[in-house]
$ cat my_file.cif   # mmCIF, C-alpha atoms
data_input
loop_
_atom_site.label_atom_id
_atom_site.label_comp_id
_atom_site.auth_asym_id
_atom_site.auth_seq_id
_atom_site.Cartn_x
_atom_site.Cartn_y
_atom_site.Cartn_z
CA MET A 1 3.07 18.47 9.29
CA THR A 2 0.35 16.07 10.31
CA SER A 3 -2.30 15.01 7.79
CA LEU A 4 -5.99 15.05 8.59
CA ARG A 5 -5.93 11.28 8.95
CA ARG A 6 -3.45 8.46 8.73
CA LEU A 7 -3.69 6.21 5.70
CA PRO A 8 -5.60 3.00 6.47
CA VAL A 9 -3.35 0.98 4.14
CA HIS A 10 0.32 0.33 3.48
CA LEU A 11 2.25 2.36 0.89
CA SER A 12 4.68 0.81 -1.57
CA VAL A 13 6.80 2.10 -4.47
CA LEU A 14 7.04 1.22 -8.17
CA ASP A 15 10.04 2.58 -10.08
CA ARG A 16 10.35 2.07 -13.85
CA SER A 17 13.94 3.37 -14.16
CA LEU A 18 13.09 6.15 -16.58
CA THR A 19 16.06 7.86 -18.24
CA ARG A 20 16.58 11.59 -18.67
CA GLU A 21 17.59 13.31 -21.88
CA GLY A 22 21.34 12.93 -22.44
CA GLU A 23 21.67 10.38 -19.65
CA HIS A 24 23.09 6.89 -20.08
CA PRO A 25 20.68 4.13 -18.98
CA ALA A 26 23.27 2.98 -16.42
CA GLN A 27 22.66 6.16 -14.44
CA ALA A 28 18.93 5.50 -14.28
CA LEU A 29 19.54 1.96 -13.02
CA ARG A 30 21.93 3.18 -10.34
CA GLU A 31 19.37 5.77 -9.30
CA THR A 32 16.77 3.01 -8.97
CA VAL A 33 19.00 1.16 -6.52
CA ARG A 34 19.69 4.31 -4.53
CA PHE A 35 16.00 5.21 -4.56
CA ALA A 36 15.17 1.79 -3.12
CA GLN A 37 17.54 2.48 -0.22
CA GLN A 38 15.80 5.81 0.38
CA ALA A 39 12.35 4.20 0.18
CA GLU A 40 13.45 1.69 2.80
CA GLU A 41 14.63 4.49 5.09
CA LEU A 42 11.26 6.21 4.68
CA GLY A 43 9.35 3.09 5.75
CA PHE A 44 7.65 2.01 2.52
CA LEU A 45 6.55 -1.63 2.48
CA ARG A 46 7.66 -2.74 -1.00
CA PHE A 47 9.86 -1.55 -3.84
CA TRP A 48 9.03 -2.95 -7.26
CA VAL A 49 10.75 -2.63 -10.65
CA SER A 50 9.30 -3.15 -14.12
CA GLU A 51 9.93 -4.78 -17.51
CA HIS A 52 10.09 -2.81 -20.77
CA HIS A 53 11.93 -3.84 -23.93
CA ALA A 54 13.65 -1.60 -26.48
CA VAL A 55 12.10 1.59 -25.09
CA PRO A 56 14.41 4.65 -25.48
CA GLY A 57 13.28 6.30 -22.25
CA ILE A 58 13.19 3.27 -19.94
CA ALA A 59 16.27 1.41 -18.68
CA GLY A 60 14.37 -1.27 -16.73
CA SER A 61 14.38 -4.21 -19.14
CA ALA A 62 15.42 -7.09 -16.86
CA PRO A 63 13.35 -6.86 -13.66
CA THR A 64 14.66 -9.94 -11.86
CA VAL A 65 18.25 -8.83 -12.42
CA LEU A 66 17.46 -5.33 -11.17
CA ALA A 67 15.47 -6.73 -8.24
CA SER A 68 18.56 -8.67 -7.21
CA ALA A 69 20.64 -5.49 -7.19
CA VAL A 70 17.95 -3.69 -5.18
CA ALA A 71 17.65 -6.50 -2.65
CA SER A 72 21.44 -6.61 -2.26
CA ALA A 73 21.51 -2.89 -1.46
CA THR A 74 18.66 -3.03 1.09
CA SER A 75 17.89 -5.12 4.14
CA ARG A 76 14.24 -4.77 5.18
CA ILE A 77 12.00 -3.52 2.38
CA ARG A 78 10.24 -6.15 0.28
CA VAL A 79 11.53 -6.27 -3.30
CA GLY A 80 9.64 -7.41 -6.36
CA THR A 81 8.51 -6.88 -9.90
CA GLY A 82 5.67 -4.82 -11.26
CA GLY A 83 5.98 -6.91 -13.20
CA VAL A 84 7.61 -9.73 -15.12
CA MET A 85 5.66 -10.04 -18.38
CA LEU A 86 5.07 -13.76 -18.30
CA PRO A 87 4.17 -14.23 -22.00
CA ASN A 88 7.71 -13.07 -22.87
CA HIS A 89 9.32 -15.88 -20.86
CA GLN A 90 9.16 -19.59 -20.20
CA PRO A 91 7.45 -20.23 -16.83
CA LEU A 92 10.22 -22.62 -15.79
CA VAL A 93 12.86 -19.91 -16.22
CA VAL A 94 10.75 -17.39 -14.28
CA ALA A 95 10.29 -19.91 -11.47
CA GLU A 96 14.04 -20.52 -11.35
CA GLN A 97 14.81 -16.80 -11.28
CA PHE A 98 12.45 -16.12 -8.41
CA GLY A 99 13.63 -19.25 -6.67
CA VAL A 100 17.15 -17.86 -6.75
CA LEU A 101 15.98 -14.46 -5.51
CA GLU A 102 13.99 -15.96 -2.63
CA SER A 103 16.90 -18.23 -1.72
CA LEU A 104 19.30 -15.28 -1.56
CA PHE A 105 16.86 -12.88 0.13
CA PRO A 106 14.42 -15.08 2.08
CA GLY A 107 11.09 -13.55 3.04
CA ARG A 108 11.61 -10.34 1.06
CA ILE A 109 10.73 -11.22 -2.56
CA ASP A 110 7.43 -10.55 -4.38
CA MET A 111 6.57 -11.98 -7.80
CA GLY A 112 4.46 -9.47 -9.71
CA LEU A 113 3.28 -10.89 -13.06
CA GLY A 114 1.85 -9.18 -16.13
CA ARG A 115 0.43 -10.36 -19.45
CA SER A 116 1.79 -7.74 -21.88
CA VAL A 117 3.95 -8.66 -24.86
CA GLY A 118 6.36 -6.52 -26.88
CA PHE A 119 5.03 -3.13 -27.98
CA THR A 120 5.93 -3.51 -31.69
CA ASP A 121 6.17 -6.35 -34.18
CA GLY A 122 9.96 -6.00 -34.19
CA ILE A 123 10.22 -6.36 -30.42
CA ARG A 124 7.85 -9.31 -30.36
CA LYS A 125 9.88 -10.98 -33.08
CA ALA A 126 13.08 -10.43 -31.12
CA LEU A 127 11.42 -11.88 -28.01
CA ARG A 128 10.17 -14.87 -30.08
CA VAL A 129 6.55 -14.28 -29.05
CA GLY A 130 3.44 -13.60 -31.08
CA LYS A 131 0.89 -10.87 -30.52
CA ASP A 132 -1.55 -13.48 -29.21
CA ALA A 133 0.90 -14.89 -26.61
CA ALA A 134 -0.95 -13.05 -23.85
CA GLU A 135 -4.02 -15.19 -24.46
CA GLY A 136 -2.35 -18.06 -22.62
CA PHE A 137 -1.58 -15.99 -19.51
CA GLY A 138 -3.83 -18.05 -17.23
CA GLU A 139 -2.22 -21.32 -18.27
CA GLN A 140 1.24 -19.78 -17.92
CA ILE A 141 0.47 -18.74 -14.34
CA SER A 142 -0.78 -22.24 -13.52
CA GLU A 143 2.41 -23.76 -14.87
CA LEU A 144 4.58 -21.23 -13.03
CA LEU A 145 2.88 -21.80 -9.68
CA GLY A 146 3.08 -25.54 -10.25
CA TYR A 147 6.87 -25.35 -10.23
CA PHE A 148 6.81 -23.84 -6.75
CA GLU A 149 4.31 -26.45 -5.59
CA GLY A 150 6.25 -29.37 -7.04
CA THR A 151 3.54 -30.31 -9.57
CA GLY A 152 5.28 -29.06 -12.72
CA PRO A 153 6.46 -31.29 -15.57
CA VAL A 154 10.02 -31.01 -14.23
CA ARG A 155 11.57 -30.09 -10.89
CA ALA A 156 12.31 -26.37 -10.73
CA ARG A 157 15.28 -25.75 -8.52
CA PRO A 158 15.64 -23.89 -6.26
CA ALA A 159 12.01 -22.71 -6.55
CA GLU A 160 10.26 -25.91 -5.49
CA GLY A 161 8.87 -25.64 -1.98
CA LEU A 162 9.53 -21.91 -1.63
CA ARG A 163 6.76 -19.42 -0.88
CA VAL A 164 7.09 -16.34 -3.06
CA PRO A 165 3.93 -14.19 -2.98
CA PRO A 166 2.57 -13.82 -6.55
CA PHE A 167 0.63 -10.74 -7.67
CA VAL A 168 -1.26 -10.31 -10.95
CA LEU A 169 -1.29 -7.01 -12.84
CA ALA A 170 -4.77 -6.14 -14.08
CA VAL A 171 -4.08 -5.62 -17.77
CA GLY A 172 -6.73 -6.97 -20.11
CA SER A 173 -8.22 -10.04 -18.42
CA GLY A 174 -5.71 -9.88 -15.57
CA ALA A 175 -8.34 -9.19 -12.90
CA ALA A 176 -10.39 -12.25 -13.84
CA ILE A 177 -7.28 -14.42 -13.93
CA ALA A 178 -6.19 -13.16 -10.50
CA ALA A 179 -9.60 -14.06 -9.09
CA GLU A 180 -9.63 -17.48 -10.74
CA HIS A 181 -6.20 -18.36 -9.34
CA GLY A 182 -6.86 -16.83 -5.92
CA LEU A 183 -4.04 -14.31 -6.22
CA PRO A 184 -3.61 -10.66 -5.17
CA LEU A 185 -4.57 -8.07 -7.78
CA VAL A 186 -2.61 -4.94 -8.79
CA ILE A 187 -4.79 -2.43 -10.60
CA GLY A 188 -4.04 1.05 -11.87
CA ALA A 189 -6.15 3.94 -10.64
CA SER A 190 -8.12 4.96 -13.72
CA ARG A 191 -9.19 8.56 -14.28
CA ASP A 192 -12.65 7.00 -14.35
CA GLU A 193 -12.67 5.82 -10.75
CA GLN A 194 -15.90 3.94 -11.23
CA ARG A 195 -14.08 1.53 -13.57
CA THR A 196 -11.44 0.87 -10.92
CA ARG A 197 -14.06 0.31 -8.25
CA GLU A 198 -16.06 -2.01 -10.50
CA ALA A 199 -12.99 -4.05 -11.44
CA ALA A 200 -12.05 -4.47 -7.77
CA ARG A 201 -15.61 -5.45 -6.86
CA THR A 202 -15.82 -8.00 -9.66
CA TYR A 203 -12.46 -9.45 -8.61
CA ARG A 204 -13.60 -9.92 -5.02
CA GLU A 205 -16.88 -11.52 -6.04
CA ALA A 206 -15.14 -13.99 -8.38
CA PHE A 207 -12.22 -14.72 -6.03
CA ARG A 208 -11.55 -18.43 -5.48
CA PRO A 209 -9.11 -19.04 -2.58
CA ARG A 210 -6.04 -20.94 -3.66
CA GLU A 211 -5.46 -22.26 -0.18
CA GLU A 212 -7.33 -22.35 3.11
CA GLY A 213 -7.66 -18.88 4.56
CA GLY A 214 -6.83 -17.13 1.29
CA SER A 215 -8.71 -13.89 0.69
CA PRO A 216 -8.84 -11.14 -1.95
CA TYR A 217 -6.07 -8.54 -1.80
CA VAL A 218 -6.17 -5.38 -3.89
CA VAL A 219 -3.20 -3.12 -4.60
CA VAL A 220 -4.06 0.15 -6.36
CA ALA A 221 -1.26 1.78 -8.38
CA VAL A 222 -1.33 5.60 -8.28
CA ASN A 223 0.83 8.26 -9.92
CA ALA A 224 1.11 10.84 -7.12
CA ALA A 225 3.24 13.91 -6.40
CA VAL A 226 3.52 16.05 -3.26
CA ALA A 227 5.03 19.53 -2.83
CA ASP A 228 4.51 22.78 -0.92
CA THR A 229 1.65 23.73 -3.21
CA ARG A 230 -0.67 21.91 -5.58
CA GLU A 231 0.84 23.81 -8.53
CA GLN A 232 4.39 22.81 -7.61
CA ALA A 233 3.34 19.18 -7.23
CA ALA A 234 1.62 19.23 -10.63
CA ARG A 235 4.84 20.46 -12.27
CA LEU A 236 6.68 17.37 -11.03
CA GLN A 237 4.48 15.18 -13.24
CA ILE A 238 4.88 17.20 -16.43
CA PRO A 239 8.03 15.41 -17.74
CA GLU A 240 6.45 11.94 -17.62
CA ALA A 241 3.15 13.22 -19.02
CA TRP A 242 5.03 14.63 -22.02
CA SER A 243 6.96 11.38 -22.65
CA THR A 244 3.65 9.53 -22.45
CA ALA A 245 2.11 11.95 -24.96
CA VAL A 246 5.05 11.39 -27.33
CA SER A 247 4.62 7.62 -27.07
CA ARG A 248 0.93 7.90 -27.92
CA THR A 249 1.45 10.21 -30.89
CA ARG A 250 4.79 9.01 -32.27
CA GLY A 251 5.04 5.46 -30.92
CA SER A 252 8.15 5.91 -28.76
CA PHE A 253 8.43 6.77 -25.05
CA THR A 254 11.26 9.30 -24.96
CA PRO A 255 13.67 10.22 -22.12
CA LEU A 256 12.40 12.80 -19.65
CA ILE A 257 13.04 16.49 -20.21
CA PRO A 258 12.58 19.36 -17.69
CA ALA A 259 9.07 20.70 -17.12
CA ASP A 260 10.07 24.17 -18.37
CA GLU A 261 11.12 22.70 -21.72
CA VAL A 262 7.83 20.86 -22.03
CA LEU A 263 5.78 23.96 -21.27
CA ALA A 264 7.82 26.00 -23.77
CA ARG A 265 7.02 23.62 -26.62
CA THR A 266 4.44 24.34 -29.26
CA MET A 267 2.44 21.12 -29.20
CA THR A 268 0.42 19.85 -32.11
CA PRO A 269 -3.30 19.38 -31.39
CA LYS A 270 -2.77 15.61 -31.08
CA GLU A 271 0.20 16.08 -28.74
CA ARG A 272 -1.75 18.53 -26.58
CA GLU A 273 -4.69 16.14 -26.38
CA ALA A 274 -2.45 13.21 -25.43
CA PHE A 275 -0.57 15.36 -22.90
CA GLU A 276 -3.73 16.53 -21.17
CA GLU A 277 -5.10 13.00 -21.18
CA ALA A 278 -1.93 11.70 -19.53
CA ARG A 279 -2.34 14.28 -16.79
CA LEU A 280 -5.91 13.26 -15.95
CA SER A 281 -4.89 10.18 -13.98
CA GLN A 282 -2.11 11.98 -12.06
CA LEU A 283 -2.79 12.87 -8.43
CA HIS A 284 -0.98 15.86 -6.92
CA GLY A 285 -1.19 18.32 -4.06
CA THR A 286 0.14 19.16 -0.62
CA GLU A 287 0.91 16.51 1.98
CA SER A 288 -2.51 16.65 3.57
CA GLU A 289 -4.34 16.88 0.23
CA VAL A 290 -2.68 13.81 -1.26
CA THR A 291 -2.94 11.80 1.95
CA GLU A 292 -6.64 12.58 2.15
CA ALA A 293 -7.12 11.70 -1.52
CA LEU A 294 -5.30 8.39 -1.17
CA ALA A 295 -7.21 7.48 1.97
CA GLY A 296 -10.50 8.24 0.24
CA LEU A 297 -9.50 6.25 -2.83
CA ALA A 298 -8.47 3.26 -0.72
CA GLU A 299 -11.77 3.30 1.12
CA ARG A 300 -13.93 3.65 -1.99
CA VAL A 301 -12.07 0.96 -3.94
CA GLY A 302 -11.52 -1.25 -0.94
CA ALA A 303 -7.77 -1.24 -1.50
CA ASP A 304 -5.48 -3.08 0.89
CA GLU A 305 -2.38 -1.25 -0.34
CA ILE A 306 -1.34 1.72 -2.49
CA LEU A 307 1.53 1.33 -4.99
CA LEU A 308 2.95 4.78 -5.67
CA THR A 309 4.84 5.90 -8.73
CA LEU A 310 6.35 9.26 -9.64
CA ASN A 311 8.84 9.99 -12.41
CA THR A 312 10.15 13.52 -12.69
CA TYR A 313 13.25 15.08 -14.18
CA ASP A 314 15.18 15.74 -10.95
CA PRO A 315 15.60 12.72 -8.62
CA ALA A 316 15.91 15.12 -5.67
CA ASP A 317 12.41 16.45 -6.38
CA ARG A 318 11.07 12.91 -6.54
CA LEU A 319 12.66 12.01 -3.20
CA ASP A 320 11.26 15.16 -1.60
CA SER A 321 7.77 14.20 -2.76
CA TYR A 322 8.04 10.69 -1.32
CA ARG A 323 9.54 12.01 1.90
CA ARG A 324 6.68 14.45 2.37
CA LEU A 325 4.07 11.78 1.74
CA ALA A 326 5.81 9.25 3.99
CA ARG A 327 5.83 11.81 6.80
CA ALA A 328 2.19 12.74 6.33
CA ALA A 329 1.01 9.15 5.95
CA GLY A 330 3.08 7.84 8.85
CA THR A 331 4.79 5.08 6.86
CA GLY A 332 7.61 4.78 9.37
CA GLU A 333 5.12 4.20 12.17
CA ARG A 334 3.24 1.59 10.13
CA ARG A 335 6.40 -0.17 8.96
CA THR A 336 7.83 -0.57 12.43
CA GLY A 337 4.55 -1.35 14.15
CA ALA A 338 3.03 -4.75 14.80
CA ALA A 339 0.73 -4.54 11.78
CA ALA A 340 3.65 -3.90 9.50
CA SER A 341 5.72 -6.73 10.93
CA SER A 342 3.10 -9.28 9.93
CA GLY A 343 2.23 -7.19 6.89
CA PRO A 344 0.10 -7.82 3.83
CA SER A 345 2.27 -10.81 2.90
CA ARG A 346 0.42 -12.80 5.53
CA THR A 347 -2.95 -12.11 3.95
CA VAL A 348 -2.07 -12.86 0.34
CA ALA A 349 -2.41 -16.30 -1.17
CA HIS A 350 1.04 -17.74 -1.49
CA SER A 351 1.99 -20.23 -4.15
#
$ encode --input "my_file.cif" --output "structure tokens"
Amino acid sequence: MTSLRRLPVHLSVLDRSLTREGEHPAQALRETVRFAQQAEELGFLRFWVSEHHAVPGIAGSAPTVLASAVASATSRIRVGTGGVMLPNHQPLVVAEQFGVLESLFPGRIDMGLGRSVGFTDGIRKALRVGKDAAEGFGEQISELLGYFEGTGPVRARPAEGLRVPPFVLAVGSGAAIAAEHGLPLVIGASRDEQRTREAARTYREAFRPREEGGSPYVVVAVNAAVADTREQAARLQIPEAWSTAVSRTRGSFTPLIPADEVLARTMTPKEREAFEEARLSQLHGTESEVTEALAGLAERVGADEILLTLNTYDPADRLDSYRRLARAAGTGERRTGAAASSGPSRTVAHS
């Protein structure tokens, strides 16, 4: 099937390694690696993994370790983090980790950085960080980039002199920090699109190039599902929406359960409200519907790239959704064409 129009931007993938009820976290991590291989075959530009600590339903706790496994199992797709939560780590150690990754997989590593800290007091205590650690995010980024540039307080090996594209996740003041440091911005598509558009506009206006020729670069993260019908696509997003609702009402993101089990539950008023709210920011439909929606979103926000995420109970259903969207959007054509060979990495401000 051919969509009404090809997407004007690249498509990438974010996978958080969500577990399923009764499943050992090891299975989710192995599925992430296999999914990365499939995403590469489908022509997606990047494959990113995330950082979550002590969350029952998420196995992805060590993104640079998982990124190494993903990069080892693939050969072309760019691999990165969405992201490493910098306040949880010493910038020197992060520089060393990405220096190792870039040394082992040259030209394929992205360094996505976030400012979140542990979700609870217990997790923050275990990580040895305070709730206010995120306030120093800008200074932490400066120190981190300094290690790559050779201006840090010590020599970071093997990071020094390497060019690993950094991206900043727009959480809290993330957008302003990205603009101040002249770095690419990753921003989630809010159910209030005007907020997303305004944040992207403010970022571009405040952008200060880090190096000659540097320019703003906006990646919009979207939870999207594709199936034969809009109703079937919407069902794919029910398991994650329910786990999100549980986290907002009980404080713990639980492993995914099948959509039928979610729909059979008698939700409390608070659970129902949280569930419906989680669904508001999810995009779903047929191949042409979702492609059209993404193209329109990219144009209105001025996005340079779309970072897709979808977590459903059956990995086969997830793969089918990505395959349908890749076919409709023409990712294989973009990935193998001249534009894809130079790619967005040429337009972002490197460290």
$ closest_residue --input "my_file.cif" --among "A:Asp121, A:Glu212, A:Glu198, A:Glu135" --to "Ile177 of chain A" --atoms "all atoms listed in the file"
A:Glu135
$ residues_around --input "my_file.cif" --residues "Val93 of chain A" --least-positions-apart "6" --cutoff "10 Å" --atoms "all atoms listed in the file" --output "NGL selection string"
:A and (99 or 144 or 156-157)
$ axis_aligned_box --input "my_file.cif" --around "segment 40-51 of chain A" --padding-each-side "6 Å" --output "AutoDock Vina command-line options"
--center_x 10.6 --center_y 0.7 --center_z -5.9 --size_x 20.1 --size_y 23.0 --size_z 35.3
$ closest_atom_pairs --input "my_file.cif" --of "segment 169-273 of chain A" --to "segment 28-48 of chain A" --cutoff "12 Å" --atoms "only C-alpha atoms" --output "JSON lines"
{"residue": "A:Val186", "atom": "CA", "partner": "A:Trp48", "partner_atom": "CA", "distance": 11.9}
{"residue": "A:Val219", "atom": "CA", "partner": "A:Arg46", "partner_atom": "CA", "distance": 11.4}
{"residue": "A:Ala221", "atom": "CA", "partner": "A:Trp48", "partner_atom": "CA", "distance": 11.4}
{"residue": "A:Pro255", "atom": "CA", "partner": "A:Ala28", "partner_atom": "CA", "distance": 10.6}
{"residue": "A:Leu256", "atom": "CA", "partner": "A:Ala28", "partner_atom": "CA", "distance": 11.2}
$ resolve_selection --input "my_file.cif" --expression "the PyMOL selection byres ((chain A and resi 66-72) around 12)" --output "PyMOL selection string"
chain A and resi 14-17+26+28-40+46-51+59-65+73-84+97-112
$ closest_residue --input "my_file.cif" --among "A:Glu292, A:Glu149, A:Glu276, A:Glu193" --to "Arg163 of chain A" --atoms "all atoms listed in the file"
A:Glu149
$ resolve_selection --input "my_file.cif" --expression "the PyMOL selection byres ((chain A and resi 312) around 10)" --output "JSON, numbers by chain"
{"A": [18, 19, 20, 225, 235, 236, 237, 238, 239, 240, 241, 256, 257, 258, 259, 310, 311, 313, 314, 315, 316, 317, 318, 319]}
$ resolve_selection --input "my_file.cif" --expression "the PyMOL selection byres ((chain A and resi 53) around 12)" --output "VMD selection string"
chain A and resid 16 50 to 52 54 to 63 84 to 85 88 116 to 120 122 to 127 252 to 253
$ atom_distance --input "my_file.cif" --atom1 "atom CA of Arg300 of chain A" --atom2 "atom CA of Glu205 of chain A"
16.0 Å
